[in-house]
file model-v7.cif (mmCIF, C-alpha atoms)
data_upload
#
loop_
_atom_site.label_atom_id
_atom_site.label_comp_id
_atom_site.auth_asym_id
_atom_site.auth_seq_id
_atom_site.Cartn_x
_atom_site.Cartn_y
_atom_site.Cartn_z
CA MET A 1 10.96 11.48 -5.65
CA PRO A 2 7.17 11.08 -5.68
CA ALA A 3 5.64 9.58 -8.78
CA ARG A 4 3.18 11.48 -10.92
CA GLN A 5 -0.36 10.21 -11.23
CA LEU A 6 -0.75 7.98 -14.28
CA THR A 7 -3.47 9.40 -16.52
CA GLY A 8 -3.60 6.91 -19.39
CA VAL A 9 -1.95 3.97 -21.07
CA VAL A 10 1.82 4.38 -21.24
CA PRO A 11 3.70 2.41 -23.91
CA LEU A 12 6.69 0.52 -22.54
CA GLU A 13 9.89 -0.45 -24.29
CA ALA A 14 10.90 -4.11 -24.07
CA LEU A 15 13.71 -3.31 -21.62
CA ASP A 16 11.29 -1.41 -19.35
CA ARG A 17 8.95 -4.43 -19.29
CA GLN A 18 11.89 -6.70 -18.48
CA LEU A 19 12.98 -4.35 -15.70
CA ILE A 20 9.48 -4.26 -14.21
CA ALA A 21 9.25 -8.06 -14.38
CA ALA A 22 12.68 -8.38 -12.73
CA THR A 23 11.73 -6.05 -9.86
CA GLN A 24 8.07 -6.82 -9.21
CA SER A 25 9.03 -9.32 -6.48
CA GLY A 26 11.46 -6.81 -5.01
CA LEU A 27 15.01 -5.73 -5.62
CA PRO A 28 17.69 -8.42 -5.35
CA LEU A 29 18.84 -8.72 -1.73
CA VAL A 30 22.49 -8.08 -2.48
CA PRO A 31 24.83 -5.18 -1.60
CA GLN A 32 24.52 -3.67 -5.12
CA PRO A 33 21.01 -4.46 -6.41
CA TYR A 34 21.16 -2.16 -9.46
CA GLU A 35 24.34 -3.85 -10.63
CA ALA A 36 22.70 -7.26 -10.18
CA LEU A 37 19.66 -6.15 -12.19
CA GLY A 38 21.88 -4.70 -14.89
CA ALA A 39 23.77 -7.98 -15.16
CA MET A 40 20.47 -9.85 -15.54
CA LEU A 41 19.27 -7.45 -18.25
CA GLY A 42 22.54 -6.85 -20.06
CA VAL A 43 22.86 -3.14 -19.18
CA ASP A 44 24.88 -1.22 -16.62
CA ALA A 45 23.61 -0.06 -13.22
CA ARG A 46 23.30 3.56 -14.37
CA GLU A 47 20.88 2.48 -17.11
CA VAL A 48 18.80 0.54 -14.54
CA GLN A 49 18.65 3.58 -12.26
CA ALA A 50 17.82 5.96 -15.13
CA ARG A 51 15.01 3.73 -16.40
CA LEU A 52 13.52 3.29 -12.92
CA ALA A 53 13.65 7.08 -12.41
CA ALA A 54 11.90 7.59 -15.76
CA LEU A 55 9.21 5.03 -14.86
CA LEU A 56 8.64 6.88 -11.57
CA GLU A 57 8.45 10.25 -13.35
CA ARG A 58 5.95 8.90 -15.90
CA GLY A 59 3.78 7.44 -13.12
CA VAL A 60 4.23 3.84 -14.31
CA ILE A 61 5.60 2.85 -10.89
CA ARG A 62 4.68 4.65 -7.69
CA ARG A 63 7.75 4.20 -5.53
CA ILE A 64 10.90 2.27 -4.81
CA GLY A 65 11.25 1.40 -1.15
CA ALA A 66 11.92 -1.20 1.47
CA VAL A 67 9.01 -3.00 3.10
CA ALA A 68 9.58 -4.69 6.42
CA ASN A 69 7.99 -8.09 6.98
CA HIS A 70 5.83 -7.18 9.97
CA TYR A 71 5.16 -10.83 10.83
CA ARG A 72 8.88 -11.51 11.27
CA LEU A 73 9.12 -8.40 13.47
CA GLY A 74 6.44 -9.83 15.78
CA TYR A 75 3.46 -7.79 14.54
CA THR A 76 1.10 -10.74 14.20
CA ALA A 77 -2.19 -9.07 15.12
CA ASN A 78 -3.50 -7.46 11.95
CA GLY A 79 -6.87 -5.77 11.88
CA MET A 80 -8.56 -4.20 8.88
CA THR A 81 -10.71 -1.60 10.56
CA VAL A 82 -13.70 -0.41 8.56
CA TRP A 83 -15.39 2.88 9.38
CA ASP A 84 -18.68 4.54 8.48
CA VAL A 85 -17.54 8.17 8.16
CA ASP A 86 -19.50 11.23 7.07
CA ASP A 87 -18.62 11.67 3.37
CA ARG A 88 -18.06 15.41 3.86
CA HIS A 89 -15.10 14.71 6.17
CA VAL A 90 -13.73 11.31 5.11
CA ASP A 91 -10.93 12.60 2.83
CA GLU A 92 -9.49 15.07 5.34
CA LEU A 93 -9.77 12.64 8.25
CA GLY A 94 -8.40 9.74 6.19
CA GLU A 95 -5.29 11.82 5.39
CA ARG A 96 -4.71 12.40 9.10
CA ILE A 97 -5.26 8.75 9.98
CA GLY A 98 -2.97 7.59 7.17
CA ARG A 99 -0.09 9.37 8.93
CA LEU A 100 -0.48 7.38 12.18
CA ALA A 101 2.45 5.10 13.02
CA GLY A 102 0.50 1.82 13.14
CA VAL A 103 -1.37 2.41 9.87
CA THR A 104 0.01 0.69 6.76
CA HIS A 105 -2.98 1.10 4.45
CA CYS A 106 -5.73 3.70 4.48
CA TYR A 107 -8.35 3.73 1.72
CA ARG A 108 -11.62 5.41 0.92
CA ARG A 109 -14.06 2.89 -0.57
CA THR A 110 -17.58 2.99 -1.94
CA ARG A 111 -20.23 1.85 0.48
CA ALA A 112 -22.25 -1.28 -0.44
CA LEU A 113 -25.59 -0.35 1.09
CA PRO A 114 -27.66 -1.52 2.76
CA GLY A 115 -25.44 -4.20 4.32
CA TRP A 116 -22.02 -2.54 4.21
CA PRO A 117 -22.03 1.13 5.30
CA TYR A 118 -18.24 1.47 5.60
CA ASN A 119 -16.33 3.94 3.43
CA LEU A 120 -12.93 4.19 5.18
CA PHE A 121 -10.63 1.18 5.49
CA VAL A 122 -7.61 1.36 7.82
CA MET A 123 -5.14 -1.53 8.26
CA LEU A 124 -3.62 -1.68 11.75
CA HIS A 125 -0.77 -3.89 12.96
CA SER A 126 0.26 -4.74 16.51
CA ARG A 127 1.76 -7.53 18.57
CA SER A 128 -1.67 -8.29 20.07
CA ARG A 129 -5.35 -7.79 19.41
CA ALA A 130 -5.44 -5.51 22.44
CA GLY A 131 -2.83 -3.35 20.70
CA VAL A 132 -4.93 -3.20 17.53
CA GLU A 133 -7.95 -2.21 19.61
CA LEU A 134 -5.96 0.61 21.26
CA GLN A 135 -4.96 1.87 17.82
CA ALA A 136 -8.58 1.65 16.70
CA GLN A 137 -9.54 3.81 19.69
CA ALA A 138 -6.99 6.41 18.51
CA VAL A 139 -8.53 6.32 15.03
CA ALA A 140 -12.01 6.73 16.56
CA GLY A 141 -10.72 9.72 18.52
CA ILE A 142 -9.58 11.42 15.32
CA LEU A 143 -12.84 10.62 13.52
CA GLY A 144 -14.92 11.92 16.41
CA GLU A 145 -18.51 12.87 15.57
CA ALA A 146 -17.93 12.13 11.86
CA CYS A 147 -17.84 8.39 12.65
CA ARG A 148 -21.14 6.51 12.82
CA GLY A 149 -19.74 3.02 13.39
CA HIS A 150 -16.88 0.62 12.77
CA GLU A 151 -15.74 -2.98 12.84
CA ILE A 152 -12.36 -4.71 13.15
CA LEU A 153 -11.77 -7.61 10.78
CA TYR A 154 -8.79 -9.66 11.98
CA SER A 155 -6.53 -11.60 9.65
CA THR A 156 -6.52 -15.31 10.35
CA ARG A 157 -4.26 -16.54 7.54
CA VAL A 158 -2.08 -15.06 4.79
CA LEU A 159 -3.36 -16.29 1.44
CA LYS A 160 -1.35 -13.97 -0.83
CA LYS A 161 1.22 -11.32 -0.04
CA THR A 162 2.55 -9.83 -3.27
CA GLY A 163 2.12 -6.73 -5.32
CA LEU A 164 0.83 -6.43 -8.83
CA ARG A 165 2.35 -8.87 -11.33
CA LEU A 166 2.84 -7.60 -14.86
CA ALA A 167 1.78 -10.13 -17.50
CA MET A 168 4.59 -10.55 -19.99
CA PRO A 169 3.62 -11.14 -23.63
#

call {"tool": "encode", "arguments": {"input": "model-v7.cif", "output": "structure tokens"}}
result
Amino acid sequence: MPARQLTGVVPLEALDRQLIAATQSGLPLVPQPYEALGAMLGVDAREVQARLAALLERGVIRRIGAVANHYRLGYTANGMTVWDVDDRHVDELGERIGRLAGVTHCYRRTRALPGWPYNLFVMLHSRSRAGVELQAQAVAGILGEACRGHEILYSTRVLKKTGLRLAMP
């Protein structure tokens, strides 16, 4: 179920805050994660599932899903490609690029002129830099004439790899 777009501040009950805090590092890696969460929070698994569904519906959380550790799968070449794309076409083209298999993140960003003309950011993963460069060529092919330039910024070290952390009062 896709989440709705959050349009303002949403008040949270104490149990919802506890549930978010308990899941922000991921679901417990056990056969029955909702039961494990319920045991931690003093509620049953159905209550955990109902509250997560309500948080999704209200747009407080965007999704519940599994994320593979691409490093452990051998995808160690990671390139943030940055593109200078005609503003009239960047949204439509970004949507198409975001559906490519090797793309894990695709964002439109504000340019920081004069030194940073890039407005489309696309994260590519491969087993080698040559693989990232092939994927970047595919992206360039989709962008076509709308693209005025690009760069590939390769990761050299992981400094932080977590999602948002909710501050608990």

call {"tool": "resolve_selection", "arguments": {"input": "model-v7.cif", "expression": "the PyMOL selection byres ((chain A and resi 111) around 12)", "output": "list in words"}}
result
Val82, Trp83, Asp84, Val85, Asp86, Asp87, Arg108, Arg109, Thr110, Ala112, Leu113, Pro114, Gly115, Trp116, Pro117, Tyr118, Asn119, Leu120 and Phe121 of chain A

call {"tool": "write_last_selection", "arguments": {"input": "model-v7.cif", "atoms": "C-alpha atoms", "output": "short mmCIF file (atom, residue, chain, number, x, y, z; two decimals), in the frame of the given file"}}
result
data_model
loop_
_atom_site.label_atom_id
_atom_site.label_comp_id
_atom_site.auth_asym_id
_atom_site.auth_seq_id
_atom_site.Cartn_x
_atom_site.Cartn_y
_atom_site.Cartn_z
CA VAL A 82 -13.70 -0.41 8.56
CA TRP A 83 -15.39 2.88 9.38
CA ASP A 84 -18.68 4.54 8.48
CA VAL A 85 -17.54 8.17 8.16
CA ASP A 86 -19.50 11.23 7.07
CA ASP A 87 -18.62 11.67 3.37
CA ARG A 108 -11.62 5.41 0.92
CA ARG A 109 -14.06 2.89 -0.57
CA THR A 110 -17.58 2.99 -1.94
CA ALA A 112 -22.25 -1.28 -0.44
CA LEU A 113 -25.59 -0.35 1.09
CA PRO A 114 -27.66 -1.52 2.76
CA GLY A 115 -25.44 -4.20 4.32
CA TRP A 116 -22.02 -2.54 4.21
CA PRO A 117 -22.03 1.13 5.30
CA TYR A 118 -18.24 1.47 5.60
CA ASN A 119 -16.33 3.94 3.43
CA LEU A 120 -12.93 4.19 5.18
CA PHE A 121 -10.63 1.18 5.49
#

call {"tool": "atom_distance", "arguments": {"input": "model-v7.cif", "atom1": "CA of Gln135 in chain A", "atom2": "CA of Arg63 in chain A"}}
result
26.7 Å

call {"tool": "closest_residue", "arguments": {"input": "model-v7.cif", "among": "A:Arg127, A:Gly26, A:Tyr107, A:Gly42", "to": "Leu73 in chain A", "atoms": "all atoms listed in the file"}}
result
A:Arg127

call {"tool": "resolve_selection", "arguments": {"input": "model-v7.cif", "expression": "the PyMOL selection byres ((chain A and resi 157) around 12)", "output": "ChimeraX atom specification"}}
result
/A:71,76-79,154-156,158-161

call {"tool": "resolve_selection", "arguments": {"input": "model-v7.cif", "expression": "the PyMOL selection byres ((chain A and resi 99-101) around 10)", "output": "ChimeraX atom specification"}}
result
/A:94-98,102-106,124-125,135,138-139

call {"tool": "closest_residue", "arguments": {"input": "model-v7.cif", "among": "A:Leu12, A:Ile142, A:Arg17, A:Ser126", "to": "Met80 in chain A", "atoms": "only C-alpha atoms"}}
result
A:Ser126

call {"tool": "closest_residue", "arguments": {"input": "model-v7.cif", "among": "A:Val9, A:Pro28, A:His150, A:Pro33", "to": "Thr81 in chain A", "atoms": "only C-alpha atoms"}}
result
A:His150

call {"tool": "atom_distance", "arguments": {"input": "model-v7.cif", "atom1": "CA of Gly131 in chain A", "atom2": "CA of Arg148 in chain A"}}
result
22.2 Å

call {"tool": "atom_distance", "arguments": {"input": "model-v7.cif", "atom1": "CA of Val10 in chain A", "atom2": "CA of Val67 in chain A"}}
result
26.4 Å

call {"tool": "axis_aligned_box", "arguments": {"input": "model-v7.cif", "around": "range 11-17 of chain A", "padding_each_side": "8 Å", "output": "JSON"}}
result
{"center_x": 8.7, "center_y": -1.0, "center_z": -21.8, "size_x": 26.0, "size_y": 22.8, "size_z": 21.0}

call {"tool": "decode", "arguments": {"input": "model-v7.cif", "residues": "range 69-81 of chain A", "atoms": "all heavy atoms", "output": "CSV table (one decimal), in the first residue's frame"}}
result
chain,number,residue,atom,x,y,z
A,69,ASN,N,21.6,-5.5,1.4
A,69,ASN,CA,22.9,-4.9,1.6
A,69,ASN,C,23.7,-5.1,0.3
A,69,ASN,O,24.3,-6.2,0.1
A,69,ASN,CB,23.6,-5.5,2.8
A,69,ASN,CG,24.9,-4.8,3.1
A,69,ASN,OD1,25.6,-4.4,2.2
A,69,ASN,ND2,25.3,-4.8,4.4
A,70,HIS,N,23.8,-4.1,-0.6
A,70,HIS,CA,24.4,-4.3,-1.9
A,70,HIS,C,25.9,-4.6,-1.7
A,70,HIS,O,26.5,-5.3,-2.6
A,70,HIS,CB,24.1,-3.2,-2.8
A,70,HIS,CG,24.6,-1.8,-2.3
A,70,HIS,ND1,23.8,-1.1,-1.5
A,70,HIS,CD2,25.7,-1.1,-2.6
A,70,HIS,CE1,24.4,0.0,-1.2
A,70,HIS,NE2,25.6,0.0,-1.8
A,71,TYR,N,26.6,-4.1,-0.7
A,71,TYR,CA,28.0,-4.4,-0.5
A,71,TYR,C,28.2,-5.9,-0.3
A,71,TYR,O,29.1,-6.5,-0.9
A,71,TYR,CB,28.6,-3.7,0.7
A,71,TYR,CG,28.6,-2.2,0.5
A,71,TYR,CD1,27.6,-1.4,1.1
A,71,TYR,CD2,29.6,-1.6,-0.2
A,71,TYR,CE1,27.6,0.0,0.9
A,71,TYR,CE2,29.6,-0.2,-0.4
A,71,TYR,CZ,28.7,0.6,0.1
A,71,TYR,OH,28.7,1.9,-0.1
A,72,ARG,N,27.3,-6.5,0.5
A,72,ARG,CA,27.5,-8.0,0.8
A,72,ARG,C,27.1,-8.8,-0.4
A,72,ARG,O,27.5,-10.0,-0.5
A,72,ARG,CB,26.6,-8.4,2.0
A,72,ARG,CG,27.2,-7.6,3.3
A,72,ARG,CD,26.6,-8.2,4.5
A,72,ARG,NE,27.2,-9.4,4.8
A,72,ARG,CZ,26.9,-10.2,5.9
A,72,ARG,NH1,25.9,-9.8,6.7
A,72,ARG,NH2,27.5,-11.3,6.1
A,73,LEU,N,26.4,-8.2,-1.3
A,73,LEU,CA,26.0,-9.0,-2.6
A,73,LEU,C,27.1,-8.8,-3.7
A,73,LEU,O,27.0,-9.3,-4.8
A,73,LEU,CB,24.7,-8.5,-3.1
A,73,LEU,CG,23.5,-8.8,-2.2
A,73,LEU,CD1,22.2,-8.1,-2.7
A,73,LEU,CD2,23.3,-10.3,-2.2
A,74,GLY,N,28.1,-8.0,-3.3
A,74,GLY,CA,29.2,-7.8,-4.3
A,74,GLY,C,29.1,-6.5,-5.1
A,74,GLY,O,30.0,-6.3,-6.0
A,75,TYR,N,28.1,-5.7,-4.9
A,75,TYR,CA,28.0,-4.4,-5.6
A,75,TYR,C,28.8,-3.3,-4.8
A,75,TYR,O,28.2,-2.6,-4.1
A,75,TYR,CB,26.5,-4.0,-5.8
A,75,TYR,CG,25.8,-5.0,-6.7
A,75,TYR,CD1,25.2,-6.2,-6.1
A,75,TYR,CD2,25.7,-4.8,-8.0
A,75,TYR,CE1,24.6,-7.0,-7.0
A,75,TYR,CE2,25.1,-5.7,-8.9
A,75,TYR,CZ,24.5,-6.8,-8.3
A,75,TYR,OH,23.9,-7.7,-9.1
A,76,THR,N,30.1,-3.3,-5.1
A,76,THR,CA,31.0,-2.4,-4.4
A,76,THR,C,31.4,-1.2,-5.1
A,76,THR,O,32.0,-0.3,-4.5
A,76,THR,CB,32.3,-3.2,-4.0
A,76,THR,OG1,32.9,-3.7,-5.1
A,76,THR,CG2,31.9,-4.3,-3.0
A,77,ALA,N,31.0,-1.1,-6.4
A,77,ALA,CA,31.2,0.2,-7.1
A,77,ALA,C,29.9,1.0,-7.1
A,77,ALA,O,28.9,0.6,-7.6
A,77,ALA,CB,31.6,-0.1,-8.6
A,78,ASN,N,30.0,2.1,-6.4
A,78,ASN,CA,28.8,2.9,-6.2
A,78,ASN,C,29.1,4.3,-6.7
A,78,ASN,O,30.1,5.0,-6.3
A,78,ASN,CB,28.5,3.0,-4.7
A,78,ASN,CG,28.3,1.6,-4.1
A,78,ASN,OD1,27.4,0.9,-4.5
A,78,ASN,ND2,29.2,1.3,-3.3
A,79,GLY,N,28.3,4.8,-7.7
A,79,GLY,CA,28.6,6.1,-8.3
A,79,GLY,C,27.3,6.9,-8.2
A,79,GLY,O,26.3,6.6,-8.8
A,80,MET,N,27.5,8.1,-7.6
A,80,MET,CA,26.4,9.1,-7.6
A,80,MET,C,26.7,9.9,-8.9
A,80,MET,O,27.7,10.6,-9.0
A,80,MET,CB,26.4,10.0,-6.4
A,80,MET,CG,25.4,11.1,-6.5
A,80,MET,SD,23.7,10.6,-6.6
A,80,MET,CE,23.4,10.1,-4.9
A,81,THR,N,25.8,9.7,-9.9
A,81,THR,CA,25.9,10.4,-11.1
A,81,THR,C,25.1,11.7,-11.0
A,81,THR,O,24.0,11.7,-10.5
A,81,THR,CB,25.5,9.6,-12.3
A,81,THR,OG1,24.1,9.2,-12.2
A,81,THR,CG2,26.3,8.3,-12.5
